[in-house]
>>> print(open('run_3.pdb').read())   # PDB, C-alpha atoms and all ligand atoms
ATOM      1  CA  MET G   1      88.366  87.445 129.329
ATOM      2  CA  GLN G   2      91.548  88.978 128.118
ATOM      3  CA  THR G   3      93.094  92.382 128.168
ATOM      4  CA  THR G   4      94.791  93.952 125.189
ATOM      5  CA  ALA G   5      98.050  92.507 124.054
ATOM      6  CA  THR G   6     100.200  95.436 125.088
ATOM      7  CA  ALA G   7     103.098  94.575 127.337
ATOM      8  CA  ALA G   8     101.924  97.085 129.918
ATOM      9  CA  SER G   9      98.518  95.443 130.450
ATOM     10  CA  THR G  10      97.665  94.899 134.097
ATOM     11  CA  ASN G  11      94.467  94.925 136.048
ATOM     12  CA  ALA G  12      95.368  98.206 137.717
ATOM     13  CA  PRO G  13      93.818 101.403 136.306
ATOM     14  CA  VAL G  14      95.914 102.280 133.309
ATOM     15  CA  VAL G  15      97.379 105.745 133.111
ATOM     16  CA  PRO G  16      99.188 105.560 129.812
ATOM     17  CA  PRO G  17     102.428 107.490 129.361
ATOM     18  CA  VAL G  18     101.839 110.396 127.006
ATOM     19  CA  THR G  19     105.079 109.878 125.189
ATOM     20  CA  ALA G  20     104.762 106.141 124.557
ATOM     21  CA  ALA G  21     104.245 105.198 120.942
ATOM     22  CA  LYS G  22     100.668 103.990 121.275
ATOM     23  CA  ARG G  23      98.849 102.137 118.565
ATOM     24  CA  MET G  24      96.087 104.395 117.343
ATOM     25  CA  MET G  25      92.926 102.411 116.842
ATOM     26  CA  LEU G  26      90.943 105.349 115.519
ATOM     27  CA  SER G  27      92.183 108.520 113.845
ATOM     28  CA  VAL G  28      89.835 111.269 112.759
ATOM     29  CA  ASN G  29      91.778 113.685 110.589
ATOM     30  CA  ASN G  30      90.478 117.152 109.903
ATOM     31  CA  ILE G  31      86.933 116.160 108.974
ATOM     32  CA  GLU G  32      84.177 118.420 107.798
ATOM     33  CA  VAL G  33      80.559 117.279 108.102
ATOM     34  CA  VAL G  34      77.628 118.804 106.283
ATOM     35  CA  TYR G  35      73.922 118.003 106.812
ATOM     36  CA  ASN G  36      71.405 118.365 103.990
ATOM     37  CA  ASP G  37      74.178 119.595 101.648
ATOM     38  CA  VAL G  38      74.276 122.993 103.373
ATOM     39  CA  ILE G  39      74.595 122.898 107.152
ATOM     40  CA  LEU G  40      78.273 122.788 108.051
ATOM     41  CA  VAL G  41      78.572 121.264 111.525
ATOM     42  CA  LEU G  42      82.091 119.838 111.901
ATOM     43  CA  ARG G  43      84.752 122.273 110.731
ATOM     44  CA  GLY G  44      88.067 120.471 110.663
ATOM     45  CA  LEU G  45      87.772 118.114 113.606
ATOM     46  CA  SER G  46      90.638 115.807 114.520
ATOM     47  CA  LEU G  47      91.013 113.300 117.322
ATOM     48  CA  GLU G  48      92.744 110.029 118.071
ATOM     49  CA  VAL G  49      91.776 107.050 120.175
ATOM     50  CA  PRO G  50      94.604 104.725 121.244
ATOM     51  CA  GLU G  51      93.834 101.024 121.490
ATOM     52  CA  GLY G  52      92.590  99.866 124.881
ATOM     53  CA  GLU G  53      91.830 103.301 126.308
ATOM     54  CA  ILE G  54      88.732 105.248 127.274
ATOM     55  CA  VAL G  55      88.775 108.649 125.577
ATOM     56  CA  ALA G  56      86.250 111.328 126.561
ATOM     57  CA  LEU G  57      84.757 113.779 124.085
ATOM     58  CA  LEU G  58      83.242 116.728 125.917
ATOM     59  CA  GLY G  59      81.518 119.948 124.928
ATOM     60  CA  ALA G  60      78.398 122.062 125.236
ATOM     61  CA  ASN G  61      75.046 121.249 123.620
ATOM     62  CA  GLY G  62      75.249 121.529 119.870
ATOM     63  CA  ALA G  63      79.061 121.408 119.730
ATOM     64  CA  GLY G  64      78.910 118.441 117.356
ATOM     65  CA  LYS G  65      79.710 115.498 119.647
ATOM     66  CA  SER G  66      76.948 113.192 118.419
ATOM     67  CA  THR G  67      77.704 114.210 114.842
ATOM     68  CA  THR G  68      81.318 113.137 115.374
ATOM     69  CA  LEU G  69      80.221 109.687 116.597
ATOM     70  CA  LYS G  70      77.791 109.303 113.699
ATOM     71  CA  ALA G  71      80.520 110.252 111.238
ATOM     72  CA  ILE G  72      82.655 107.423 112.651
ATOM     73  CA  SER G  73      79.870 104.790 112.770
ATOM     74  CA  GLY G  74      78.526 105.713 109.331
ATOM     75  CA  LEU G  75      75.099 106.573 110.791
ATOM     76  CA  LEU G  76      75.351 110.110 109.366
ATOM     77  CA  LYS G  77      74.022 108.657 106.155
ATOM     78  CA  THR G  78      70.693 107.923 107.804
ATOM     79  CA  GLU G  79      70.318 111.631 108.616
ATOM     80  CA  ASP G  80      71.337 113.086 105.282
ATOM     81  CA  GLY G  81      74.736 114.011 106.638
ATOM     82  CA  GLU G  82      78.073 113.534 104.889
ATOM     83  CA  VAL G  83      81.781 113.743 105.603
ATOM     84  CA  THR G  84      82.839 116.222 102.915
ATOM     85  CA  ARG G  85      86.525 116.569 103.835
ATOM     86  CA  GLY G  86      89.165 114.673 105.791
ATOM     87  CA  ASP G  87      89.626 111.024 106.711
ATOM     88  CA  ILE G  88      88.557 108.573 109.343
ATOM     89  CA  THR G  89      90.818 105.557 109.760
ATOM     90  CA  PHE G  90      90.165 102.512 111.923
ATOM     91  CA  ASN G  91      93.110 100.195 112.502
ATOM     92  CA  GLY G  92      94.828 101.853 109.560
ATOM     93  CA  GLU G  93      91.929 101.442 107.128
ATOM     94  CA  ARG G  94      89.955 104.381 105.772
ATOM     95  CA  ILE G  95      86.301 103.964 106.740
ATOM     96  CA  ASN G  96      84.552 107.179 105.746
ATOM     97  CA  GLY G  97      81.733 106.653 103.286
ATOM     98  CA  ILE G  98      81.320 102.973 104.216
ATOM     99  CA  ASP G  99      77.819 101.691 105.136
ATOM    100  CA  PRO G 100      77.026 101.425 108.858
ATOM    101  CA  ASP G 101      76.531  97.637 108.860
ATOM    102  CA  ARG G 102      79.971  97.132 107.344
ATOM    103  CA  ILE G 103      81.444  99.403 109.977
ATOM    104  CA  VAL G 104      79.798  97.251 112.677
ATOM    105  CA  ARG G 105      81.422  94.187 111.093
ATOM    106  CA  LYS G 106      84.788  95.911 111.276
ATOM    107  CA  GLY G 107      84.314  96.221 115.030
ATOM    108  CA  ILE G 108      82.793  99.631 115.776
ATOM    109  CA  PHE G 109      79.460  99.812 117.581
ATOM    110  CA  GLN G 110      77.655 103.018 118.542
ATOM    111  CA  VAL G 111      75.431 103.231 121.607
ATOM    112  CA  MET G 112      73.127 106.051 120.597
ATOM    113  CA  GLU G 113      72.102 109.018 122.688
ATOM    114  CA  GLY G 114      68.742 108.329 124.392
ATOM    115  CA  ARG G 115      69.513 104.595 124.416
ATOM    116  CA  ARG G 116      67.260 103.558 121.496
ATOM    117  CA  ILE G 117      66.447 100.098 122.745
ATOM    118  CA  ILE G 118      63.426  98.433 121.179
ATOM    119  CA  ALA G 119      60.632  98.966 123.679
ATOM    120  CA  ASP G 120      58.301  96.200 122.519
ATOM    121  CA  MET G 121      60.939  93.479 122.571
ATOM    122  CA  THR G 122      62.298  91.682 125.637
ATOM    123  CA  CYS G 123      65.815  92.236 127.007
ATOM    124  CA  LEU G 124      66.924  88.966 125.501
ATOM    125  CA  GLU G 125      65.576  89.877 122.064
ATOM    126  CA  ASN G 126      67.273  93.271 122.237
ATOM    127  CA  LEU G 127      70.561  91.625 123.166
ATOM    128  CA  ARG G 128      70.300  89.097 120.340
ATOM    129  CA  LEU G 129      69.758  91.992 117.966
ATOM    130  CA  GLY G 130      73.212  93.280 118.906
ATOM    131  CA  ALA G 131      74.688  90.045 117.531
ATOM    132  CA  TYR G 132      72.962  90.330 114.148
ATOM    133  CA  THR G 133      76.185  90.728 112.183
ATOM    134  CA  ARG G 134      77.797  87.659 113.752
ATOM    135  CA  ARG G 135      77.986  84.236 112.219
ATOM    136  CA  ASP G 136      79.879  82.384 114.977
ATOM    137  CA  ASN G 137      78.548  80.054 117.668
ATOM    138  CA  GLY G 138      79.520  82.178 120.622
ATOM    139  CA  VAL G 139      76.288  84.128 120.990
ATOM    140  CA  LYS G 140      74.927  82.049 123.874
ATOM    141  CA  ASP G 141      78.179  82.395 125.846
ATOM    142  CA  ASP G 142      78.198  86.116 125.214
ATOM    143  CA  LEU G 143      74.632  86.440 126.509
ATOM    144  CA  ASP G 144      75.862  84.835 129.745
ATOM    145  CA  MET G 145      78.835  87.200 129.753
ATOM    146  CA  VAL G 146      76.557  90.255 129.341
ATOM    147  CA  PHE G 147      74.274  88.988 132.138
ATOM    148  CA  SER G 148      77.330  88.600 134.371
ATOM    149  CA  TYR G 149      78.018  92.334 133.938
ATOM    150  CA  PHE G 150      74.349  93.290 134.214
ATOM    151  CA  PRO G 151      72.715  90.654 136.463
ATOM    152  CA  ARG G 152      69.576  92.718 136.857
ATOM    153  CA  LEU G 153      68.846  92.422 133.139
ATOM    154  CA  LYS G 154      68.525  88.669 133.548
ATOM    155  CA  GLU G 155      65.750  89.151 136.064
ATOM    156  CA  ARG G 156      63.758  91.431 133.757
ATOM    157  CA  THR G 157      61.822  89.118 131.496
ATOM    158  CA  GLY G 158      59.145  91.591 130.360
ATOM    159  CA  LEU G 159      59.299  94.156 127.585
ATOM    160  CA  ALA G 160      62.325  96.437 127.526
ATOM    161  CA  GLY G 161      60.055  99.493 127.403
ATOM    162  CA  TYR G 162      59.220  98.891 131.072
ATOM    163  CA  LEU G 163      62.850  98.946 132.227
ATOM    164  CA  SER G 164      64.071 101.890 134.290
ATOM    165  CA  GLY G 165      66.256 104.480 132.565
ATOM    166  CA  GLY G 166      69.404 102.980 134.077
ATOM    167  CA  GLU G 167      68.416  99.464 133.061
ATOM    168  CA  GLN G 168      67.725 100.643 129.522
ATOM    169  CA  GLN G 169      71.189 102.162 129.421
ATOM    170  CA  MET G 170      72.658  98.867 130.631
ATOM    171  CA  LEU G 171      70.693  97.043 127.966
ATOM    172  CA  ALA G 172      71.984  99.416 125.292
ATOM    173  CA  ILE G 173      75.573  98.782 126.426
ATOM    174  CA  GLY G 174      74.914  95.028 126.673
ATOM    175  CA  ARG G 175      73.544  95.054 123.155
ATOM    176  CA  ALA G 176      76.737  96.745 121.939
ATOM    177  CA  MET G 177      78.820  94.077 123.706
ATOM    178  CA  MET G 178      76.904  91.357 121.846
ATOM    179  CA  ALA G 179      78.466  92.599 118.612
ATOM    180  CA  ARG G 180      81.920  91.803 120.098
ATOM    181  CA  PRO G 181      83.141  95.263 119.139
ATOM    182  CA  LYS G 182      86.720  96.472 119.311
ATOM    183  CA  LEU G 183      85.557 100.053 119.751
ATOM    184  CA  ILE G 184      82.331 101.242 121.404
ATOM    185  CA  LEU G 185      81.148 104.785 120.690
ATOM    186  CA  MET G 186      79.046 105.797 123.667
ATOM    187  CA  ASP G 187      76.796 108.832 123.439
ATOM    188  CA  GLU G 188      75.963 110.318 126.848
ATOM    189  CA  PRO G 189      75.401 107.181 128.892
ATOM    190  CA  SER G 190      74.658 109.306 131.971
ATOM    191  CA  MET G 191      71.783 111.182 130.388
ATOM    192  CA  GLY G 192      68.687 111.228 132.592
ATOM    193  CA  LEU G 193      70.106 108.896 135.249
ATOM    194  CA  SER G 194      70.266 109.435 138.999
ATOM    195  CA  PRO G 195      73.755 110.107 140.430
ATOM    196  CA  LEU G 196      73.875 106.602 141.896
ATOM    197  CA  MET G 197      72.923 104.990 138.611
ATOM    198  CA  VAL G 198      75.475 107.152 136.756
ATOM    199  CA  LYS G 199      78.161 105.787 139.084
ATOM    200  CA  GLU G 200      77.049 102.222 138.486
ATOM    201  CA  VAL G 201      76.951 102.591 134.701
ATOM    202  CA  PHE G 202      80.377 104.279 134.597
ATOM    203  CA  SER G 203      81.867 101.622 136.816
ATOM    204  CA  ILE G 204      80.628  98.875 134.478
ATOM    205  CA  VAL G 205      81.923 100.789 131.462
ATOM    206  CA  GLN G 206      85.373 100.849 133.091
ATOM    207  CA  GLN G 207      85.177  97.139 133.904
ATOM    208  CA  ILE G 208      84.297  96.291 130.312
ATOM    209  CA  ASN G 209      87.262  98.311 129.124
ATOM    210  CA  ARG G 210      89.616  96.673 131.611
ATOM    211  CA  ASP G 211      88.408  93.071 131.428
ATOM    212  CA  LEU G 212      87.615  92.768 127.745
ATOM    213  CA  GLY G 213      90.083  95.298 126.365
ATOM    214  CA  VAL G 214      87.296  97.119 124.514
ATOM    215  CA  THR G 215      88.334 100.638 123.509
ATOM    216  CA  ILE G 216      85.754 103.327 124.263
ATOM    217  CA  LEU G 217      85.091 106.788 122.859
ATOM    218  CA  LEU G 218      82.814 108.363 125.430
ATOM    219  CA  VAL G 219      80.716 111.457 124.695
ATOM    220  CA  GLU G 220      79.489 113.109 127.875
ATOM    221  CA  GLN G 221      77.899 116.211 129.326
ATOM    222  CA  ASN G 222      78.956 114.944 132.731
ATOM    223  CA  ALA G 223      82.575 116.065 132.394
ATOM    224  CA  ARG G 224      83.456 115.210 135.962
ATOM    225  CA  MET G 225      82.474 111.546 135.660
ATOM    226  CA  ALA G 226      83.885 111.248 132.169
ATOM    227  CA  LEU G 227      87.292 112.620 133.170
ATOM    228  CA  GLN G 228      87.414 110.206 136.095
ATOM    229  CA  ALA G 229      86.764 107.213 133.863
ATOM    230  CA  ALA G 230      88.821 108.282 130.848
ATOM    231  CA  THR G 231      92.539 108.229 130.221
ATOM    232  CA  ARG G 232      92.416 111.247 127.893
ATOM    233  CA  GLY G 233      89.925 113.736 126.622
ATOM    234  CA  TYR G 234      89.020 116.240 123.940
ATOM    235  CA  ILE G 235      86.900 119.350 124.342
ATOM    236  CA  MET G 236      84.838 120.535 121.396
ATOM    237  CA  GLU G 237      83.278 123.845 120.569
ATOM    238  CA  ASN G 238      81.504 124.765 117.368
ATOM    239  CA  GLY G 239      82.519 121.707 115.443
ATOM    240  CA  LYS G 240      86.201 121.763 116.388
ATOM    241  CA  VAL G 241      88.482 120.499 119.111
ATOM    242  CA  VAL G 242      89.637 123.404 121.257
ATOM    243  CA  LEU G 243      91.544 121.518 123.946
ATOM    244  CA  ASP G 244      92.916 118.044 124.506
ATOM    245  CA  GLY G 245      95.153 116.237 126.940
ATOM    246  CA  THR G 246      95.313 113.427 129.452
ATOM    247  CA  ALA G 247      92.305 113.243 131.754
ATOM    248  CA  GLU G 248      94.491 114.505 134.577
ATOM    249  CA  GLU G 249      95.695 117.509 132.595
ATOM    250  CA  LEU G 250      92.121 118.393 131.723
ATOM    251  CA  ARG G 251      90.872 117.929 135.298
ATOM    252  CA  ASN G 252      93.525 120.388 136.453
ATOM    253  CA  ASN G 253      93.052 122.902 133.664
ATOM    254  CA  GLU G 254      91.539 126.166 134.981
ATOM    255  CA  ASP G 255      89.298 126.730 131.940
ATOM    256  CA  VAL G 256      87.992 123.212 132.104
ATOM    257  CA  LYS G 257      87.323 123.597 135.807
ATOM    258  CA  GLU G 258      85.499 126.836 135.240
ATOM    259  CA  PHE G 259      83.394 125.890 132.259
ATOM    260  CA  TYR G 260      82.850 122.182 132.655
ATOM    261  CA  LEU G 261      83.596 121.039 136.169
ATOM    262  CA  GLY G 262      82.080 123.989 138.047
ATOM    263  CA  GLY G 263      84.090 126.066 140.521
ATOM    264  CA  GLY G 264      87.563 127.130 139.439
ATOM    265  CA  ASN G 265      89.799 129.081 141.774
ATOM    266  CA  GLU G 266      88.179 132.424 141.051
ATOM    267  CA  GLU G 267      85.174 133.061 143.167
ATOM    268  CA  ARG G 268      81.739 134.051 141.954
ATOM    269  CA  LYS G 269      82.698 135.761 138.711
ATOM    270  CA  SER G 270      82.609 132.387 137.006
ATOM    271  CA  PHE G 271      78.924 131.643 137.284
ATOM    272  CA  LYS G 272      77.767 134.710 135.396
ATOM    273  CA  ASN G 273      80.501 134.283 132.833
ATOM    274  CA  LEU G 274      79.686 130.663 132.480
ATOM    275  CA  LYS G 275      76.085 131.449 131.608
ATOM    276  CA  SER G 276      76.895 134.108 129.040
ATOM    277  CA  PHE G 277      79.670 131.993 127.619
ATOM    278  CA  LYS G 278      77.299 129.112 127.124
ATOM    279  CA  ARG G 279      74.679 131.334 125.584
ATOM    280  CA  ARG G 280      77.198 132.879 123.246
ATOM    281  CA  LYS G 281      78.454 129.492 122.212
ATOM    282  CA  ARG G 282      74.981 128.272 121.382
ATOM    283  CA  TRP G 283      74.330 131.009 118.888
ATOM    284  CA  ILE G 284      77.656 131.537 117.162
TER     285      ILE G 284
HETATM  286  N1  LIG E 301      70.235 115.528 111.224
HETATM  287  C1  LIG E 301      70.596 116.810 111.326
HETATM  288  N2  LIG E 301      70.252 117.700 110.360
HETATM  289  C2  LIG E 301      70.629 118.988 110.454
HETATM  290  N3  LIG E 301      71.348 119.513 111.470
HETATM  291  C3  LIG E 301      71.700 118.682 112.448
HETATM  292  C4  LIG E 301      71.347 117.293 112.435
HETATM  293  N4  LIG E 301      71.850 116.708 113.556
HETATM  294  C5  LIG E 301      72.478 117.694 114.221
HETATM  295  N5  LIG E 301      72.403 118.866 113.573
HETATM  296  C6  LIG E 301      72.993 120.138 114.009
HETATM  297  O1  LIG E 301      74.367 119.966 114.198
HETATM  298  C7  LIG E 301      74.833 120.641 115.357
HETATM  299  C8  LIG E 301      75.559 119.654 116.269
HETATM  300  O2  LIG E 301      74.627 118.696 116.729
HETATM  301  P1  LIG E 301      75.075 117.438 117.600
HETATM  302  O3  LIG E 301      73.843 116.653 117.853
HETATM  303  O4  LIG E 301      76.205 116.780 116.951
HETATM  304  O5  LIG E 301      75.566 118.169 118.926
HETATM  305  P2  LIG E 301      75.956 117.568 120.339
HETATM  306  O6  LIG E 301      77.281 118.116 120.703
HETATM  307  O7  LIG E 301      75.792 116.096 120.334
HETATM  308  O8  LIG E 301      74.852 118.236 121.290
HETATM  309  P3  LIG E 301      74.087 117.653 122.588
HETATM  310  O9  LIG E 301      75.030 117.792 123.732
HETATM  311  O10 LIG E 301      72.911 118.571 122.726
HETATM  312  O11 LIG E 301      73.692 116.238 122.301
HETATM  313  C9  LIG E 301      73.605 121.282 115.984
HETATM  314  O12 LIG E 301      73.588 122.640 115.609
HETATM  315  C10 LIG E 301      72.445 120.546 115.367
HETATM  316  O13 LIG E 301      71.332 121.375 115.233
HETATM  317 MG    MG E 302      74.536 114.785 121.292
END
>>> encode(input="run_3.pdb", output="structure tokens")
Amino acid sequence: MQTTATAASTNAPVVPPVTAAKRMMLSVNNIEVVYNDVILVLRGLSLEVPEGEIVALLGANGAGKSTTLKAISGLLKTEDGEVTRGDITFNGERINGIDPDRIVRKGIFQVMEGRRIIADMTCLENLRLGAYTRRDNGVKDDLDMVFSYFPRLKERTGLAGYLSGGEQQMLAIGRAMMARPKLILMDEPSMGLSPLMVKEVFSIVQQINRDLGVTILLVEQNARMALQAATRGYIMENGKVVLDGTAEELRNNEDVKEFYLGGGNEERKSFKNLKSFKRRKRWI
């Protein structure tokens, strides 16, 4: 277990200085994404993920969050989507247009929205599947490592389809860890989970980041939890980033409070506005 090689690495929660020259692990520069040759979904989206951090990507339904993750992992190809403009670089290397399995080998693993574990396989089989690109001998040790983070998965020997929603989410994250990724793209890990389970999953996500130095780009509807776990965040609307900053800046931003965290300083007026704002955003 080792943290990243930066001089500032400690076990304490890391609040990185904004001004420090951070090594950017992932840079998405002004990308446009089109589905089926006609549907323009991302319209000049840019974001950066520094090595070793958790970065949150927030936004309303349909803003393009999952599309952004699929553009990075190469999975857009499986949905007839394409990056038609801009660049995505990972550790300095341009990766747009590359096949998804090659992107996994480079160290990026996406945990899909809705978990997507294989229901008629066991936990163990699902976890082994995560290691399919690996050729080293460390798979057995890594299974033990995953079970140490998620002890309850070890007890579940039946088919993964019978796991609870929270356990399936843990399995999906465990499967990503089996690929020994440098960067995990996580799509709404809190979806459909009870508040207690959300807390547990987020706490493990933070541990994985801290202990193993895995960088995480975290897409969430649960802005409150995401901005507690993350070091920085981006807010998307209509295929673009409209706001970004450190997690603290975003938590204290009045617009963010009003639209995403619920309850800004202004009383009452916000709820009605919030609803119409959301509705407007959906149909623009
Ligand atoms: N495979 C696809 N083909 C065509 N259009 C798509 C496809 N996938 C997504 N879209 C469209 O792209 C837009 C952005 O979708 P995306 O799934 O990226 O949003 P999102 O921010 O992840 O939303 P949510 O919070 O609901 O998951 C939506 O208008 C959606 O209808
Ligand atoms: Mg989505």
>>> closest_residue(input="run_3.pdb", among="G:Lys240, G:Arg135, G:Arg251, G:Arg156", to="ligand LIG 301 (chain E)", atoms="only C-alpha atoms and all ligand atoms")
G:Lys240
>>> atom_distance(input="run_3.pdb", atom1="atom CA of Tyr149 of chain G", atom2="atom CA of Arg134 of chain G")
20.7 Å
>>> residues_near_ligand(input="run_3.pdb", ligand="ligand MG 302 (chain E)", cutoff="7 Å", atoms="all atoms listed in the file", output="count of residues only")
7
>>> closest_atom_pairs(input="run_3.pdb", of="chain G", to="ligand LIG 301 (chain E)", cutoff="7 Å", atoms="only C-alpha atoms and all ligand atoms", output="Markdown table")
| residue | atom | partner | partner_atom | distance |
| --- | --- | --- | --- | --- |
| G:Tyr35 | CA | E:LIG301 | C2 | 5.0 |
| G:Asn36 | CA | E:LIG301 | N2 | 6.5 |
| G:Ile39 | CA | E:LIG301 | N3 | 6.4 |
| G:Val41 | CA | E:LIG301 | O1 | 5.1 |
| G:Gly59 | CA | E:LIG301 | O6 | 6.3 |
| G:Ala60 | CA | E:LIG301 | O9 | 5.6 |
| G:Asn61 | CA | E:LIG301 | O9 | 3.5 |
| G:Gly62 | CA | E:LIG301 | O5 | 3.5 |
| G:Ala63 | CA | E:LIG301 | O6 | 3.9 |
| G:Gly64 | CA | E:LIG301 | O4 | 3.2 |
| G:Lys65 | CA | E:LIG301 | O6 | 3.7 |
| G:Ser66 | CA | E:LIG301 | O7 | 3.7 |
| G:Thr67 | CA | E:LIG301 | O4 | 3.6 |
| G:Thr68 | CA | E:LIG301 | O4 | 6.5 |
| G:Glu79 | CA | E:LIG301 | N1 | 4.7 |
| G:Asp80 | CA | E:LIG301 | N1 | 6.5 |
| G:Gly81 | CA | E:LIG301 | N1 | 6.6 |
| G:Gln221 | CA | E:LIG301 | O9 | 6.5 |
>>> atom_distance(input="run_3.pdb", atom1="atom CA of Asp37 of chain G", atom2="atom CA of Val219 of chain G")
25.3 Å
>>> atom_distance(input="run_3.pdb", atom1="atom CA of Ala56 of chain G", atom2="atom CA of Asp142 of chain G")
26.5 Å
>>> axis_aligned_box(input="run_3.pdb", around="segment 58-64 of chain G", padding_each_side="4 Å", output="JSON")
{"center_x": 79.1, "center_y": 119.4, "center_z": 121.6, "size_x": 16.2, "size_y": 13.3, "size_z": 16.6}
>>> closest_atom_pairs(input="run_3.pdb", of="segment 150-176 of chain G", to="segment 189-205 of chain G", cutoff="9 Å", atoms="only C-alpha atoms", output="tab-separated table")
residue	atom	partner	partner_atom	distance
G:Phe150	CA	G:Ile204	CA	8.4
G:Gly165	CA	G:Leu193	CA	6.4
G:Gly166	CA	G:Leu193	CA	6.1
G:Gln169	CA	G:Pro189	CA	6.6
G:Met170	CA	G:Val201	CA	7.0
G:Ile173	CA	G:Val205	CA	8.3
>>> write_last_selection(input="run_3.pdb", atoms="C-alpha atoms", output="PDB file, keeping the file's coordinate frame")
ATOM      1  CA  PHE G 150      74.349  93.290 134.214  1.00  0.00           C
ATOM      2  CA  GLY G 165      66.256 104.480 132.565  1.00  0.00           C
ATOM      3  CA  GLY G 166      69.404 102.980 134.077  1.00  0.00           C
ATOM      4  CA  GLN G 169      71.189 102.162 129.421  1.00  0.00           C
ATOM      5  CA  MET G 170      72.658  98.867 130.631  1.00  0.00           C
ATOM      6  CA  ILE G 173      75.573  98.782 126.426  1.00  0.00           C
TER       7      ILE G 173
END
>>> resolve_selection(input="run_3.pdb", expression="the PyMOL selection byres (((chain G and resi 133) around 9) and not hetatm)", output="mmCIF file with C-alpha atoms, keeping the file's coordinate frame")
data_model
loop_
_atom_site.group_PDB
_atom_site.id
_atom_site.type_symbol
_atom_site.label_atom_id
_atom_site.label_comp_id
_atom_site.auth_asym_id
_atom_site.auth_seq_id
_atom_site.Cartn_x
_atom_site.Cartn_y
_atom_site.Cartn_z
ATOM 1 C CA ASP G 101 76.531 97.637 108.860
ATOM 2 C CA ARG G 102 79.971 97.132 107.344
ATOM 3 C CA VAL G 104 79.798 97.251 112.677
ATOM 4 C CA ARG G 105 81.422 94.187 111.093
ATOM 5 C CA LEU G 129 69.758 91.992 117.966
ATOM 6 C CA GLY G 130 73.212 93.280 118.906
ATOM 7 C CA ALA G 131 74.688 90.045 117.531
ATOM 8 C CA TYR G 132 72.962 90.330 114.148
ATOM 9 C CA ARG G 134 77.797 87.659 113.752
ATOM 10 C CA ARG G 135 77.986 84.236 112.219
ATOM 11 C CA ALA G 179 78.466 92.599 118.612
#
>>> resolve_selection(input="run_3.pdb", expression="the PyMOL selection byres (((chain G and resi 115-123) around 8) and not hetatm)", output="PyMOL selection string")
chain G and resi 111-114+124-127+153-154+156-162+168-169+171-172+189
>>> resolve_selection(input="run_3.pdb", expression="the PyMOL selection byres (((chain G and resi 216) around 12) and not hetatm)", output="PyMOL selection string")
chain G and resi 25-26+48-57+69+107-111+173+176-177+181-187+189+202+205-210+212-215+217-219+226+229-233
>>> closest_residue(input="run_3.pdb", among="G:Leu163, G:Met24, G:Met225, G:Leu75", to="Phe90 of chain G", atoms="all atoms listed in the file")
G:Met24
>>> closest_residue(input="run_3.pdb", among="G:Asn238, G:Ser148, G:Ser164, G:Thr78", to="Leu42 of chain G", atoms="all atoms listed in the file")
G:Asn238
>>> closest_residue(input="run_3.pdb", among="G:Asp211, G:Glu258, G:Glu248, G:Asp136", to="Gln228 of chain G", atoms="only C-alpha atoms")
G:Glu248
>>> closest_residue(input="run_3.pdb", among="G:Thr84, G:Ser73, G:Ser27, G:Asn137", to="Leu40 of chain G", atoms="all atoms listed in the file")
G:Thr84
>>> closest_residue(input="run_3.pdb", among="G:Arg128, G:Glu220, G:Glu155, G:Val38", to="Met178 of chain G", atoms="only C-alpha atoms")
G:Arg128
>>> residues_around(input="run_3.pdb", residues="Gly97 of chain G", least_positions_apart="5", cutoff="9 Å", atoms="all atoms listed in the file", output="tab-separated table (two decimals) with C-alpha atoms, keeping the file's coordinate frame")
chain	number	residue	atom	x	y	z
G	71	ALA	CA	80.52	110.25	111.24
G	74	GLY	CA	78.53	105.71	109.33
G	77	LYS	CA	74.02	108.66	106.16
G	82	GLU	CA	78.07	113.53	104.89
G	83	VAL	CA	81.78	113.74	105.60
>>> decode(input="run_3.pdb", residues="segment 62-79 of chain G", atoms="C-alpha atoms", output="mmCIF file, in the first residue's frame")
data_model
loop_
_atom_site.group_PDB
_atom_site.id
_atom_site.type_symbol
_atom_site.label_atom_id
_atom_site.label_comp_id
_atom_site.auth_asym_id
_atom_site.auth_seq_id
_atom_site.Cartn_x
_atom_site.Cartn_y
_atom_site.Cartn_z
ATOM 1 C CA GLY G 62 -28.863 14.948 -19.150
ATOM 2 C CA ALA G 63 -26.036 17.469 -18.685
ATOM 3 C CA GLY G 64 -23.574 15.050 -20.280
ATOM 4 C CA LYS G 65 -21.719 13.637 -17.261
ATOM 5 C CA SER G 66 -21.853 9.983 -18.305
ATOM 6 C CA THR G 67 -21.004 10.982 -21.866
ATOM 7 C CA THR G 68 -17.883 12.727 -20.559
ATOM 8 C CA LEU G 69 -16.757 9.568 -18.730
ATOM 9 C CA LYS G 70 -17.448 7.412 -21.783
ATOM 10 C CA ALA G 71 -15.454 9.796 -23.962
ATOM 11 C CA ILE G 72 -12.486 9.320 -21.613
ATOM 12 C CA SER G 73 -12.791 5.511 -21.290
ATOM 13 C CA GLY G 74 -13.411 5.008 -25.011
ATOM 14 C CA LEU G 75 -16.801 3.380 -24.328
ATOM 15 C CA LEU G 76 -18.529 6.007 -26.499
ATOM 16 C CA LYS G 77 -17.658 3.813 -29.434
ATOM 17 C CA THR G 78 -19.997 1.113 -28.176
ATOM 18 C CA GLU G 79 -22.890 3.594 -28.335
#
